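Engineer: Sharing a structure with you now.
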Amino acid sequence: MTLPLDLTGPVSGLVCGGIFGFALERAGFASGCKLTAQLRFTDWAVFKVMFTAILVAATGIWLLQVLGLLSKEDIFIPTTYFWATLLGGVGVGAGMAIGGYCPGTSVVSFMSGRLDGLVFFLGILVGTAAFAGVYTWIEPLMHALPGPEAQTVSELLGVPDWIVLVALGVVFGAVAWFTRTPVPTGTTPSNASPTLAHGTTARSFQ
Amino acid sequence: MSGTSKPLWNPYAAGVLLGLGLLLTFILTGHGLGASGFSTALTAATSHILAPAATEANAYFGPMVENGSLLDLWITWQVFGVAIGALIGAMSAGRFRWSIDGPTRLSIARRLVLAGVGGAIAGFGARLSLGCTSGLGLSGAATLASAGFLFLIGFFVTGATLGLLMRRYWQ
């Protein structure tokens, strides 16, 4: 195996993070209005960005595996702990519906000048401290109902990876087709219309 | 001011760049992108400064603060990178503006309270699942991990339910 390259220093972090932050900003993910519009189904951009990214990266990883350049054992695949994984998703989803962001997008939001993004990030620190405070009580839940270590959906269903990729592509294609109507945010190049993402609804105080 | 900012990218274009960045991360490091790993290490380090003895005795933070400085962690540099990349993106598109986003029908004070409460819930949740939308949802799903998809189901069902219930506070 030649990959991964094991470049885990500061430069690697800055480059990977830099692309991540730039792409999220260009997608409009600095705005809590834009992010939560997906949760109200008034704007499908968040779903499209996320699903496109997952498909591109998953297809790339699959190709590298087919070419023998990367082995499944050499990449980090998270393990399911049913209740902890599911309830964690519930918490992060509730956090976004209530506060507008998730941990990564709160950083992007603050870096575009939004103070609610900073407050959300500070809230994360408080929630993390609270978790540490009650950790000994919660610990049994953390490991309850574990799945097989590093299990993929393909292993769970007993099908090859490419079938899962095709199935994801079909589901995504269908959603993209049914939501293709241009929405007033992001997909139209017009600045004349009152776009949510450009902050006309955000209250500027300068 | 808002009239001078450049339009957002097409979501598919932004998604392709994000996906290629994520693929590059796997090629370089063997793992994906994240965010809550950094906020957790930052909380542990802050707690260690404020209350050293209690932090070292804590079952969750204790082992973390033994492991050296924040700057030794790849995730710290990656989140610095996210901040720099987002700042470059906002500045170059004319989108940087001091403002408060959020439910447009609520006062600024209430929006900030909601942001803080939402952040706390998300921070707690991300520790339960050992990752957030970036680390488990995006990066996990890219490896086809069942954990990534289970997380995304919980995230989206809850987010959409609460999002629809809170619809009247938004424009």
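Identifiers for the structure tokens are assigned positionally: chains receive A, B, ... in sequence, residues are indexed from 1 per chain, and ligands are indexed from 1 in the order shown.
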Among chain B, which ones does DSSP place in helix (DSSP H, G or I), written as a PyMOL selection string?
Structural biologist: chain B and resi 2-4+11-29+36-50+52-57+61-65+70-72+74-92+108-128+133-142+146-165+167-169
Engineer: Tell me, as a ChimeraX atom specification, which residues lie within 9 Å of stretch 144-158 of chain B, counting only C-alpha atoms; anything in the same chain fewer than 2 positions away does not count.
Structural biologist: /A:39,54,58,77-82,85-94,96-97,147,150-156,161,164-165 /B:129,132-133,135-142,160-163
Engineer: How would the residues just chosen look if you wrote them out with N, CA and C atoms as a short mmCIF file (atom, residue, chain, number, x, y, z; two decimals), in the first residue's frame?
Structural biologist:
data_model
loop_
_atom_site.label_atom_id
_atom_site.label_comp_id
_atom_site.auth_asym_id
_atom_site.auth_seq_id
_atom_site.Cartn_x
_atom_site.Cartn_y
_atom_site.Cartn_z
N LEU A 39 -33.69 22.47 6.68
CA LEU A 39 -34.50 21.76 7.68
C LEU A 39 -35.98 22.12 7.54
N ILE A 54 -20.18 13.71 -0.46
CA ILE A 54 -20.09 12.31 -0.01
C ILE A 54 -19.88 11.39 -1.22
N ALA A 58 -16.56 9.30 -1.68
CA ALA A 58 -16.76 7.85 -1.57
C ALA A 58 -16.35 7.15 -2.86
N ILE A 77 -12.61 4.19 9.66
CA ILE A 77 -14.05 3.98 9.47
C ILE A 77 -14.67 3.91 10.87
N PRO A 78 -15.53 4.87 11.21
CA PRO A 78 -16.09 4.88 12.56
C PRO A 78 -16.96 3.65 12.83
N THR A 79 -16.99 3.25 14.10
CA THR A 79 -17.79 2.10 14.54
C THR A 79 -19.12 2.60 15.08
N THR A 80 -20.19 1.86 14.79
CA THR A 80 -21.51 2.21 15.33
C THR A 80 -21.66 1.75 16.77
N TYR A 81 -22.09 2.68 17.64
CA TYR A 81 -22.61 2.31 18.95
C TYR A 81 -24.05 2.79 18.91
N PHE A 82 -24.99 1.89 18.67
CA PHE A 82 -26.29 2.29 18.16
C PHE A 82 -26.89 3.51 18.85
N THR A 85 -24.49 6.75 18.78
CA THR A 85 -24.38 7.33 17.44
C THR A 85 -25.68 8.01 17.04
N LEU A 86 -26.81 7.31 17.29
CA LEU A 86 -28.11 7.87 16.90
C LEU A 86 -28.46 9.11 17.74
N LEU A 87 -28.30 9.00 19.07
CA LEU A 87 -28.65 10.14 19.94
C LEU A 87 -27.71 11.31 19.73
N GLY A 88 -26.46 11.03 19.38
CA GLY A 88 -25.54 12.11 19.03
C GLY A 88 -26.03 12.87 17.81
N GLY A 89 -26.49 12.12 16.82
CA GLY A 89 -27.07 12.75 15.62
C GLY A 89 -28.29 13.58 15.97
N VAL A 90 -29.13 13.03 16.89
CA VAL A 90 -30.32 13.76 17.36
C VAL A 90 -29.89 15.08 18.01
N GLY A 91 -28.86 15.04 18.84
CA GLY A 91 -28.38 16.24 19.52
C GLY A 91 -27.83 17.27 18.55
N VAL A 92 -27.01 16.83 17.61
CA VAL A 92 -26.42 17.77 16.67
C VAL A 92 -27.50 18.34 15.74
N GLY A 93 -28.49 17.52 15.37
CA GLY A 93 -29.60 17.99 14.54
C GLY A 93 -30.46 19.01 15.28
N ALA A 94 -30.75 18.72 16.57
CA ALA A 94 -31.52 19.67 17.39
C ALA A 94 -30.73 20.96 17.55
N MET A 96 -28.64 22.28 15.50
CA MET A 96 -28.70 23.09 14.28
C MET A 96 -30.07 23.75 14.13
N ALA A 97 -31.15 22.99 14.40
CA ALA A 97 -32.50 23.57 14.26
C ALA A 97 -32.69 24.74 15.22
N GLY A 147 -22.06 -2.07 17.09
CA GLY A 147 -22.04 -2.83 15.85
C GLY A 147 -20.66 -3.44 15.67
N ALA A 150 -15.83 -0.86 12.73
CA ALA A 150 -15.59 -0.24 11.42
C ALA A 150 -16.47 -0.83 10.31
N GLN A 151 -17.72 -1.10 10.66
CA GLN A 151 -18.62 -1.73 9.68
C GLN A 151 -19.13 -0.72 8.64
N THR A 152 -19.12 -1.13 7.38
CA THR A 152 -19.69 -0.28 6.33
C THR A 152 -21.11 -0.74 6.01
N VAL A 153 -21.84 0.10 5.29
CA VAL A 153 -23.21 -0.25 4.88
C VAL A 153 -23.17 -1.48 3.95
N SER A 154 -22.13 -1.55 3.12
CA SER A 154 -22.00 -2.71 2.22
C SER A 154 -21.86 -4.00 3.01
N GLU A 155 -21.06 -3.96 4.08
CA GLU A 155 -20.90 -5.16 4.92
C GLU A 155 -22.20 -5.48 5.64
N LEU A 156 -22.89 -4.44 6.10
CA LEU A 156 -24.16 -4.63 6.80
C LEU A 156 -25.18 -5.31 5.90
N ASP A 161 -19.34 -2.76 -2.51
CA ASP A 161 -19.36 -1.31 -2.32
C ASP A 161 -20.00 -0.57 -3.49
N VAL A 164 -23.70 -0.07 -3.31
CA VAL A 164 -24.10 1.00 -2.38
C VAL A 164 -23.88 2.37 -3.03
N LEU A 165 -22.76 2.51 -3.75
CA LEU A 165 -22.48 3.78 -4.42
C LEU A 165 -23.55 4.09 -5.47
N SER B 129 -21.81 10.88 20.15
CA SER B 129 -21.62 10.12 18.92
C SER B 129 -20.16 10.05 18.50
N CYS B 132 -19.13 14.91 14.82
CA CYS B 132 -20.22 15.81 14.46
C CYS B 132 -20.58 15.63 12.99
N THR B 133 -21.24 16.61 12.43
CA THR B 133 -21.67 16.52 11.04
C THR B 133 -20.48 16.32 10.09
N GLY B 135 -17.19 15.16 11.03
CA GLY B 135 -16.37 13.98 11.32
C GLY B 135 -17.10 12.67 11.12
N LEU B 136 -18.39 12.65 11.48
CA LEU B 136 -19.14 11.39 11.42
C LEU B 136 -20.10 11.41 10.23
N GLY B 137 -20.84 12.51 10.05
CA GLY B 137 -21.81 12.57 8.95
C GLY B 137 -21.13 12.56 7.60
N LEU B 138 -20.29 13.56 7.35
CA LEU B 138 -19.64 13.71 6.04
C LEU B 138 -18.52 12.68 5.85
N SER B 139 -17.53 12.69 6.74
CA SER B 139 -16.36 11.82 6.57
C SER B 139 -16.73 10.35 6.76
N GLY B 140 -17.61 10.06 7.73
CA GLY B 140 -18.03 8.69 7.96
C GLY B 140 -18.79 8.14 6.76
N ALA B 141 -19.72 8.93 6.24
CA ALA B 141 -20.51 8.47 5.09
C ALA B 141 -19.62 8.26 3.87
N ALA B 142 -18.56 9.06 3.73
CA ALA B 142 -17.66 8.90 2.58
C ALA B 142 -16.93 7.56 2.61
N ALA B 160 -35.13 18.30 10.98
CA ALA B 160 -36.28 18.68 10.16
C ALA B 160 -37.54 18.83 11.02
N THR B 161 -37.72 17.93 12.01
CA THR B 161 -38.90 18.03 12.89
C THR B 161 -38.89 19.35 13.66
N LEU B 162 -37.75 19.64 14.30
CA LEU B 162 -37.64 20.89 15.06
C LEU B 162 -37.65 22.10 14.12
N GLY B 163 -37.01 21.94 12.97
CA GLY B 163 -36.95 23.04 12.01
C GLY B 163 -38.34 23.45 11.55
#
Engineer: So how far away is atom CA of A:Thr59 from atom CA of B:Trp74, in Å?
Structural biologist: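 It comes out at 24.9 Å.
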Engineer: Mind giving me the straight-line distance from atom CA of A:Ser109 to atom CA of B:Gly32 in Å, one decimal?
Structural biologist: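 Going from atom CA of A:Ser109 over to atom CA of B:Gly32 covers 21.1 Å.
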Engineer: Give the answer as one residue: which of A:Phe76, A:Trp44, A:Phe29, A:Trp177 has the shortest atom-to-atom distance to chain B, using only C-alpha atoms?
Structural biologist: A:Phe76
Engineer: Report the distance between atom CA of A:Ala130 and atom CA of B:Ala122 in Å, rounded to one decimal place.
Structural biologist: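 If I compute the distance from atom CA of A:Ala130 to atom CA of B:Ala122, I get 11.6 Å.
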Engineer: Find the residues around B:Ala41 up to 10 Å (only C-alpha atoms counted), leave out those fewer than 2 positions away in its own chain, and share them as an NGL selection string.
Structural biologist: (:A and (125 or 128)) or (:B and (36-39 or 43-47 or 61 or 64-65 or 69-70 or 73 or 75-76))
Engineer: Any chance you can output those residues with N, CA and C atoms as a PDB file, in the first residue's frame?
Structural biologist:
ATOM      1  N   LEU A 125     -18.545  24.615  23.572  1.00  0.00           N
ATOM      2  CA  LEU A 125     -17.583  24.397  24.668  1.00  0.00           C
ATOM      3  C   LEU A 125     -18.329  24.121  25.973  1.00  0.00           C
ATOM      4  N   THR A 128     -19.785  20.631  25.820  1.00  0.00           N
ATOM      5  CA  THR A 128     -18.723  19.644  25.961  1.00  0.00           C
ATOM      6  C   THR A 128     -18.303  19.508  27.426  1.00  0.00           C
TER       7      THR A 128
ATOM      8  N   SER B  36     -15.498  18.834  15.827  1.00  0.00           N
ATOM      9  CA  SER B  36     -15.748  18.731  17.265  1.00  0.00           C
ATOM     10  C   SER B  36     -14.567  18.120  18.014  1.00  0.00           C
ATOM     11  N   GLY B  37     -13.656  17.457  17.297  1.00  0.00           N
ATOM     12  CA  GLY B  37     -12.432  16.987  17.955  1.00  0.00           C
ATOM     13  C   GLY B  37     -11.644  18.163  18.512  1.00  0.00           C
ATOM     14  N   PHE B  38     -11.635  19.258  17.737  1.00  0.00           N
ATOM     15  CA  PHE B  38     -10.935  20.454  18.185  1.00  0.00           C
ATOM     16  C   PHE B  38     -11.670  21.141  19.327  1.00  0.00           C
ATOM     17  N   SER B  39     -13.003  21.311  19.195  1.00  0.00           N
ATOM     18  CA  SER B  39     -13.724  22.006  20.270  1.00  0.00           C
ATOM     19  C   SER B  39     -13.628  21.221  21.579  1.00  0.00           C
ATOM     20  N   THR B  43     -11.944  22.668  24.908  1.00  0.00           N
ATOM     21  CA  THR B  43     -12.668  22.708  26.184  1.00  0.00           C
ATOM     22  C   THR B  43     -11.817  22.086  27.287  1.00  0.00           C
ATOM     23  N   ALA B  44     -11.197  20.948  26.980  1.00  0.00           N
ATOM     24  CA  ALA B  44     -10.356  20.275  27.977  1.00  0.00           C
ATOM     25  C   ALA B  44      -9.190  21.185  28.375  1.00  0.00           C
ATOM     26  N   ALA B  45      -8.548  21.827  27.397  1.00  0.00           N
ATOM     27  CA  ALA B  45      -7.394  22.684  27.684  1.00  0.00           C
ATOM     28  C   ALA B  45      -7.819  23.911  28.494  1.00  0.00           C
ATOM     29  N   THR B  46      -8.973  24.508  28.132  1.00  0.00           N
ATOM     30  CA  THR B  46      -9.472  25.672  28.866  1.00  0.00           C
ATOM     31  C   THR B  46      -9.810  25.293  30.303  1.00  0.00           C
ATOM     32  N   SER B  47     -10.475  24.143  30.429  1.00  0.00           N
ATOM     33  CA  SER B  47     -10.846  23.647  31.745  1.00  0.00           C
ATOM     34  C   SER B  47      -9.596  23.385  32.591  1.00  0.00           C
ATOM     35  N   PHE B  61     -11.929  14.330  30.659  1.00  0.00           N
ATOM     36  CA  PHE B  61     -10.886  15.282  30.288  1.00  0.00           C
ATOM     37  C   PHE B  61      -9.496  14.862  30.769  1.00  0.00           C
ATOM     38  N   MET B  64      -7.174  13.361  28.335  1.00  0.00           N
ATOM     39  CA  MET B  64      -6.897  14.282  27.219  1.00  0.00           C
ATOM     40  C   MET B  64      -5.815  15.281  27.574  1.00  0.00           C
ATOM     41  N   VAL B  65      -5.882  15.849  28.769  1.00  0.00           N
ATOM     42  CA  VAL B  65      -4.925  16.904  29.108  1.00  0.00           C
ATOM     43  C   VAL B  65      -3.533  16.340  29.411  1.00  0.00           C
ATOM     44  N   SER B  69      -0.024  19.418  24.191  1.00  0.00           N
ATOM     45  CA  SER B  69      -0.626  20.684  23.816  1.00  0.00           C
ATOM     46  C   SER B  69      -1.601  20.546  22.660  1.00  0.00           C
ATOM     47  N   LEU B  70      -2.517  21.518  22.577  1.00  0.00           N
ATOM     48  CA  LEU B  70      -3.475  21.599  21.474  1.00  0.00           C
ATOM     49  C   LEU B  70      -2.773  21.610  20.120  1.00  0.00           C
ATOM     50  N   LEU B  73      -2.014  18.561  17.905  1.00  0.00           N
ATOM     51  CA  LEU B  73      -3.097  17.809  17.269  1.00  0.00           C
ATOM     52  C   LEU B  73      -3.314  18.270  15.837  1.00  0.00           C
ATOM     53  N   ILE B  75      -6.062  18.002  14.207  1.00  0.00           N
ATOM     54  CA  ILE B  75      -7.397  18.614  14.096  1.00  0.00           C
ATOM     55  C   ILE B  75      -7.359  20.108  14.437  1.00  0.00           C
ATOM     56  N   THR B  76      -6.440  20.507  15.319  1.00  0.00           N
ATOM     57  CA  THR B  76      -6.307  21.930  15.652  1.00  0.00           C
ATOM     58  C   THR B  76      -5.911  22.723  14.406  1.00  0.00           C
TER      59      THR B  76
END
Engineer: Skip stretch 61-68 of chain A itself and residues of its chain fewer than 5 positions away, then list as an MDAnalysis selection string all residues within 9 Å of it, counting only C-alpha atoms.
Structural biologist: (chainID A and resid 1:3 56 161:162 165) or (chainID B and resid 23 26:27 142:143)
